[in-house]
$ cat input-v2.pdb   # PDB, C-alpha atoms
ATOM      1  CA  MET A   6      -0.303  17.882  19.568
ATOM      2  CA  ASP A   7       1.079  19.616  16.494
ATOM      3  CA  ILE A   8      -1.369  20.040  13.623
ATOM      4  CA  ILE A   9       0.994  19.075  10.768
ATOM      5  CA  GLY A  10       2.034  15.852  12.498
ATOM      6  CA  SER A  11      -1.589  15.035  13.218
ATOM      7  CA  LEU A  12      -2.593  15.626   9.588
ATOM      8  CA  ILE A  13       0.246  13.415   8.362
ATOM      9  CA  GLY A  14      -0.767  10.684  10.790
ATOM     10  CA  TYR A  15      -4.407  11.103   9.799
ATOM     11  CA  SER A  16      -3.466  10.847   6.116
ATOM     12  CA  HIS A  17      -2.032   7.394   6.859
ATOM     13  CA  ILE A  18      -5.512   6.142   7.665
ATOM     14  CA  VAL A  19      -6.892   7.626   4.447
ATOM     15  CA  THR A  20      -4.118   6.709   1.988
ATOM     16  CA  ASN A  21      -3.420   3.150   3.147
ATOM     17  CA  HIS A  22      -6.421   1.941   1.138
ATOM     18  CA  PHE A  23      -5.035   2.981  -2.252
ATOM     19  CA  PRO A  24      -2.265   0.371  -2.680
ATOM     20  CA  SER A  25      -4.332  -2.577  -1.461
ATOM     21  CA  ILE A  26      -7.585  -1.798  -3.284
ATOM     22  CA  GLY A  27      -5.695  -0.548  -6.347
ATOM     23  CA  MET A  28      -3.745  -3.805  -6.479
ATOM     24  CA  MET A  29      -6.982  -5.809  -6.375
ATOM     25  CA  ILE A  30      -8.314  -3.899  -9.370
ATOM     26  CA  LEU A  31      -5.015  -4.082 -11.262
ATOM     27  CA  MET A  32      -4.828  -7.856 -10.933
ATOM     28  CA  ILE A  33      -8.035  -8.030 -12.964
ATOM     29  CA  PHE A  34      -6.604  -5.678 -15.601
ATOM     30  CA  LEU A  35      -3.382  -7.694 -15.841
ATOM     31  CA  VAL A  36      -5.276 -10.932 -16.411
ATOM     32  CA  VAL A  37      -7.701  -9.349 -18.893
ATOM     33  CA  GLY A  38      -4.779  -7.645 -20.672
ATOM     34  CA  TYR A  39      -2.993 -10.944 -21.076
ATOM     35  CA  ILE A  40      -6.095 -12.916 -22.109
ATOM     36  CA  THR A  41      -7.044 -10.314 -24.720
ATOM     37  CA  LYS A  42      -3.384 -10.010 -25.789
ATOM     38  CA  ASN A  43      -3.450  -6.285 -25.100
ATOM     39  CA  PRO A  44       0.118  -5.230 -24.189
ATOM     40  CA  LEU A  45      -0.971  -1.611 -23.701
ATOM     41  CA  MET A  46      -3.391  -2.647 -20.944
ATOM     42  CA  ILE A  47      -0.613  -4.634 -19.257
ATOM     43  CA  LYS A  48       1.868  -1.757 -19.564
ATOM     44  CA  VAL A  49      -0.600   0.786 -18.186
ATOM     45  CA  SER A  50      -1.439  -1.591 -15.336
ATOM     46  CA  LEU A  51       2.250  -1.965 -14.538
ATOM     47  CA  PHE A  52       2.707   1.800 -14.603
ATOM     48  CA  VAL A  53      -0.174   2.175 -12.158
ATOM     49  CA  VAL A  54       1.513  -0.477  -9.971
ATOM     50  CA  PHE A  55       4.542   1.820  -9.931
ATOM     51  CA  LEU A  56       2.350   4.774  -8.928
ATOM     52  CA  LEU A  57       0.756   2.691  -6.168
ATOM     53  CA  SER A  58       4.220   1.849  -4.874
ATOM     54  CA  VAL A  59       4.975   5.584  -4.663
ATOM     55  CA  ILE A  60       1.773   6.015  -2.644
ATOM     56  CA  GLY A  61       2.955   3.046  -0.550
ATOM     57  CA  ILE A  62       6.062   5.031   0.406
ATOM     58  CA  TRP A  63       3.843   7.800   1.781
ATOM     59  CA  VAL A  64       1.629   5.272   3.579
ATOM     60  CA  PHE A  65       4.637   3.664   5.251
ATOM     61  CA  PHE A  66       6.285   6.851   6.465
ATOM     62  CA  SER A  67       3.028   8.553   7.456
ATOM     63  CA  GLY A  68       2.394   5.429   9.538
ATOM     64  CA  TYR A  69       5.400   6.298  11.649
ATOM     65  CA  GLN A  70       3.924   9.737  12.271
ATOM     66  CA  ALA A  71       0.619   8.106  13.173
ATOM     67  CA  MET A  72       2.487   5.842  15.616
ATOM     68  CA  TYR A  73       4.196   8.850  17.172
ATOM     69  CA  ASN A  74       0.781  10.488  17.588
ATOM     70  CA  LEU A  75      -0.451   7.338  19.360
ATOM     71  CA  LEU A  76       2.240   7.328  22.062
ATOM     72  CA  PRO A  77       0.221   9.330  24.629
ATOM     73  CA  PHE A  78      -2.731   6.943  24.215
ATOM     74  CA  THR A  79      -1.035   3.534  24.461
ATOM     75  CA  GLU A  80      -2.901   2.486  27.611
ATOM     76  CA  ASN A  81      -6.071   1.984  25.536
ATOM     77  CA  MET A  82      -4.606  -0.283  22.866
ATOM     78  CA  SER A  83      -3.006  -3.652  22.415
ATOM     79  CA  ALA A  84       0.770  -3.437  22.118
ATOM     80  CA  GLU A  85       0.662  -6.792  20.347
ATOM     81  CA  ASP A  86      -1.734  -5.477  17.673
ATOM     82  CA  LEU A  87       0.448  -2.419  17.147
ATOM     83  CA  SER A  88       3.584  -4.575  16.882
ATOM     84  CA  ILE A  89       1.971  -6.956  14.374
ATOM     85  CA  HIS A  90       0.641  -3.976  12.386
ATOM     86  CA  ILE A  91       4.125  -2.453  12.193
ATOM     87  CA  THR A  92       5.760  -5.779  11.268
ATOM     88  CA  TYR A  93       3.308  -6.614   8.483
ATOM     89  CA  GLY A  94       3.294  -2.986   7.342
ATOM     90  CA  THR A  95       7.072  -3.109   6.931
ATOM     91  CA  ILE A  96       6.959  -6.408   5.014
ATOM     92  CA  THR A  97       4.162  -5.052   2.795
ATOM     93  CA  PHE A  98       6.165  -1.865   2.182
ATOM     94  CA  ILE A  99       9.235  -3.842   1.079
ATOM     95  CA  ILE A 100       7.213  -6.013  -1.318
ATOM     96  CA  ILE A 101       5.385  -2.969  -2.707
ATOM     97  CA  LEU A 102       8.735  -1.254  -3.338
ATOM     98  CA  ILE A 103      10.160  -4.321  -5.075
ATOM     99  CA  THR A 104       6.997  -4.671  -7.165
ATOM    100  CA  GLY A 105       7.038  -0.974  -8.089
ATOM    101  CA  ILE A 106      10.670  -1.095  -9.180
ATOM    102  CA  LEU A 107      10.093  -4.288 -11.182
ATOM    103  CA  SER A 108       7.020  -2.806 -12.863
ATOM    104  CA  LEU A 109       8.973   0.275 -13.909
ATOM    105  CA  LEU A 110      11.851  -1.865 -15.234
ATOM    106  CA  THR A 111       9.414  -4.105 -17.101
ATOM    107  CA  ASN A 112       7.814  -1.103 -18.768
ATOM    108  CA  VAL A 113      11.236   0.242 -19.767
ATOM    109  CA  ILE A 114      12.408  -3.122 -21.153
ATOM    110  CA  TYR A 115       9.167  -3.863 -23.019
ATOM    111  CA  PHE A 116       8.356  -0.283 -24.015
ATOM    112  CA  LYS A 117       8.627  -0.839 -27.777
ATOM    113  CA  LYS A 118       7.609  -4.495 -27.775
ATOM    114  CA  ASP A 119       4.151  -5.822 -28.630
ATOM    115  CA  HIS A 120       4.227  -8.786 -26.254
ATOM    116  CA  ILE A 121       4.933  -9.256 -22.567
ATOM    117  CA  PRO A 122       5.658 -12.896 -21.657
ATOM    118  CA  LEU A 123       3.190 -14.830 -19.531
ATOM    119  CA  SER A 124       5.933 -15.546 -16.979
ATOM    120  CA  ILE A 125       6.281 -11.822 -16.252
ATOM    121  CA  VAL A 126       2.529 -11.370 -15.924
ATOM    122  CA  ILE A 127       2.422 -14.345 -13.519
ATOM    123  CA  VAL A 128       5.226 -12.827 -11.406
ATOM    124  CA  PHE A 129       3.225  -9.614 -11.055
ATOM    125  CA  ILE A 130       0.042 -11.497 -10.233
ATOM    126  CA  ILE A 131       1.872 -13.420  -7.496
ATOM    127  CA  LEU A 132       3.415 -10.217  -6.117
ATOM    128  CA  GLY A 133       0.046  -8.478  -6.321
ATOM    129  CA  LEU A 134      -1.698 -11.293  -4.460
ATOM    130  CA  ALA A 135       1.035 -11.200  -1.805
ATOM    131  CA  ILE A 136       0.517  -7.441  -1.424
ATOM    132  CA  ILE A 137      -3.252  -7.907  -1.158
ATOM    133  CA  PHE A 138      -2.885 -10.621   1.508
ATOM    134  CA  LEU A 139      -0.303  -8.654   3.502
ATOM    135  CA  SER A 140      -2.413  -5.495   3.225
ATOM    136  CA  ILE A 141      -5.438  -7.316   4.612
ATOM    137  CA  VAL A 142      -3.460  -8.604   7.599
ATOM    138  CA  THR A 143      -1.840  -5.207   8.163
ATOM    139  CA  SER A 144      -5.203  -3.455   7.900
ATOM    140  CA  TYR A 145      -6.869  -5.863  10.301
ATOM    141  CA  PHE A 146      -4.350  -5.198  13.056
ATOM    142  CA  GLY A 147      -4.215  -1.490  12.233
ATOM    143  CA  GLY A 148      -7.990  -1.359  12.517
ATOM    144  CA  ASN A 149      -7.754  -2.752  16.038
ATOM    145  CA  ILE A 150      -5.856   0.350  17.131
ATOM    146  CA  THR A 151      -8.284   2.693  18.886
ATOM    147  CA  HIS A 152      -7.025   5.935  17.326
ATOM    148  CA  GLU A 153      -7.742   8.053  20.378
ATOM    149  CA  GLU A 154      -5.279  10.591  18.954
ATOM    150  CA  LEU A 155      -7.786  11.375  16.183
ATOM    151  CA  ARG A 156     -10.519  12.088  18.682
ATOM    152  CA  GLU A 157      -8.120  14.405  20.526
ATOM    153  CA  PHE A 158      -7.118  16.062  17.245
ATOM    154  CA  HIS A 159     -10.778  16.693  16.322
ATOM    155  CA  LYS A 160     -11.473  18.196  19.743
ATOM    156  CA  ASN A 161      -8.541  20.602  19.434
ATOM    157  CA  VAL A 162      -8.859  21.588  15.778
ATOM    158  CA  PHE A 163     -12.517  21.382  14.796
TER     159      PHE A 163
END
$ encode --input "input-v2.pdb" --output "structure tokens"
Amino acid sequence: MDIIGSLIGYSHIVTNHFPSIGMMILMIFLVVGYITKNPLMIKVSLFVVFLLSVIGIWVFFSGYQAMYNLLPFTENMSAEDLSIHITYGTITFIIILITGILSLLTNVIYFKKDHIPLSIVIVFIILGLAIIFLSIVTSYFGGNITHEELREFHKNVF
């Protein structure tokens, strides 16, 4: 097993937490920013949403490397769990990308303005909640994968 591919696959397991947990925290900041009428807090939150979507790109593509690393160990895992994990991971990735692009556009459009409409904040809260839900489902099925490849990697490298 090549070391670079294994590290990329391993990074998938580490980095996949950032978009989902980050989105949970940012939903609170969006609501507080709107309630306190603090457009800077909303804009910073939306910028961090964009950064989380960039991390989401890495999570998605490192997941394919992790899947490739799993191929020799498929007899010890549920193909159904892996399939559901990939399906929900892809849907989550698409929604994270859309949300990231929209957050960047919103920050550009409202850069000089002192107010962001409630309707826009609500859209981001709905998208954020969708990302959180999809991340939980994706993580559940990803957690069911045995990750024998990591045990093999540790034996060979450490």
$ closest_residue --input "input-v2.pdb" --among "A:Ile30, A:Ile40, A:Leu87, A:Val64" --to "A:Leu102" --atoms "only C-alpha atoms"
A:Val64
$ atom_distance --input "input-v2.pdb" --atom1 "atom CA of A:Gly94" --atom2 "atom CA of A:Phe23"
14.0 Å
$ residues_around --input "input-v2.pdb" --residues "A:Tyr115" --least-positions-apart "6" --cutoff "12 Å" --atoms "all atoms listed in the file" --output "number ranges by chain"
A: 44-45, 47-49, 51, 107-109, 121-122, 125
$ closest_residue --input "input-v2.pdb" --among "A:Asn74, A:Asp119, A:Phe129, A:Leu110" --to "A:Ile9" --atoms "all atoms listed in the file"
A:Asn74
$ atom_distance --input "input-v2.pdb" --atom1 "atom CA of A:Gly61" --atom2 "atom CA of A:Gly38"
24.1 Å
$ atom_distance --input "input-v2.pdb" --atom1 "atom CA of A:Thr143" --atom2 "atom CA of A:Tyr93"
5.3 Å
$ resolve_selection --input "input-v2.pdb" --expression "the PyMOL selection byres ((chain A and resi 105) around 12)" --output "JSON, numbers by chain"
{"A": [24, 28, 50, 51, 52, 53, 54, 55, 56, 57, 58, 59, 60, 61, 62, 97, 98, 99, 100, 101, 102, 103, 104, 106, 107, 108, 109, 110, 111, 112, 129, 132, 133, 136]}
$ residues_around --input "input-v2.pdb" --residues "A:Trp63" --least-positions-apart "4" --cutoff "9 Å" --atoms "all atoms listed in the file" --output "PyMOL selection string"
chain A and resi 17+20-21+58-59+67-68
$ closest_residue --input "input-v2.pdb" --among "A:Ala135, A:Ile18, A:Ile91, A:Met46" --to "A:Ile33" --atoms "all atoms listed in the file"
A:Met46
$ closest_residue --input "input-v2.pdb" --among "A:Val19, A:Ile26, A:Met32, A:Val113" --to "A:Ile130" --atoms "all atoms listed in the file"
A:Met32
$ closest_residue --input "input-v2.pdb" --among "A:Leu12, A:Met82, A:Leu31, A:Ala71" --to "A:Val126" --atoms "all atoms listed in the file"
A:Leu31
$ closest_residue --input "input-v2.pdb" --among "A:Phe65, A:Phe138, A:Phe34, A:Tyr39" --to "A:Ser124" --atoms "only C-alpha atoms"
A:Tyr39
$ axis_aligned_box --input "input-v2.pdb" --around "stretch 41-51 of chain A" --padding-each-side "3 Å" --output "lines of an AutoDock Vina configuration file"
center_x = -2.4
center_y = -4.8
center_z = -20.2
size_x = 15.3
size_y = 17.1
size_z = 17.3
$ resolve_selection --input "input-v2.pdb" --expression "the PyMOL selection byres ((chain A and resi 10) around 12)" --output "ChimeraX atom specification"
/A:6-9,11-17,66-75,154-155,158
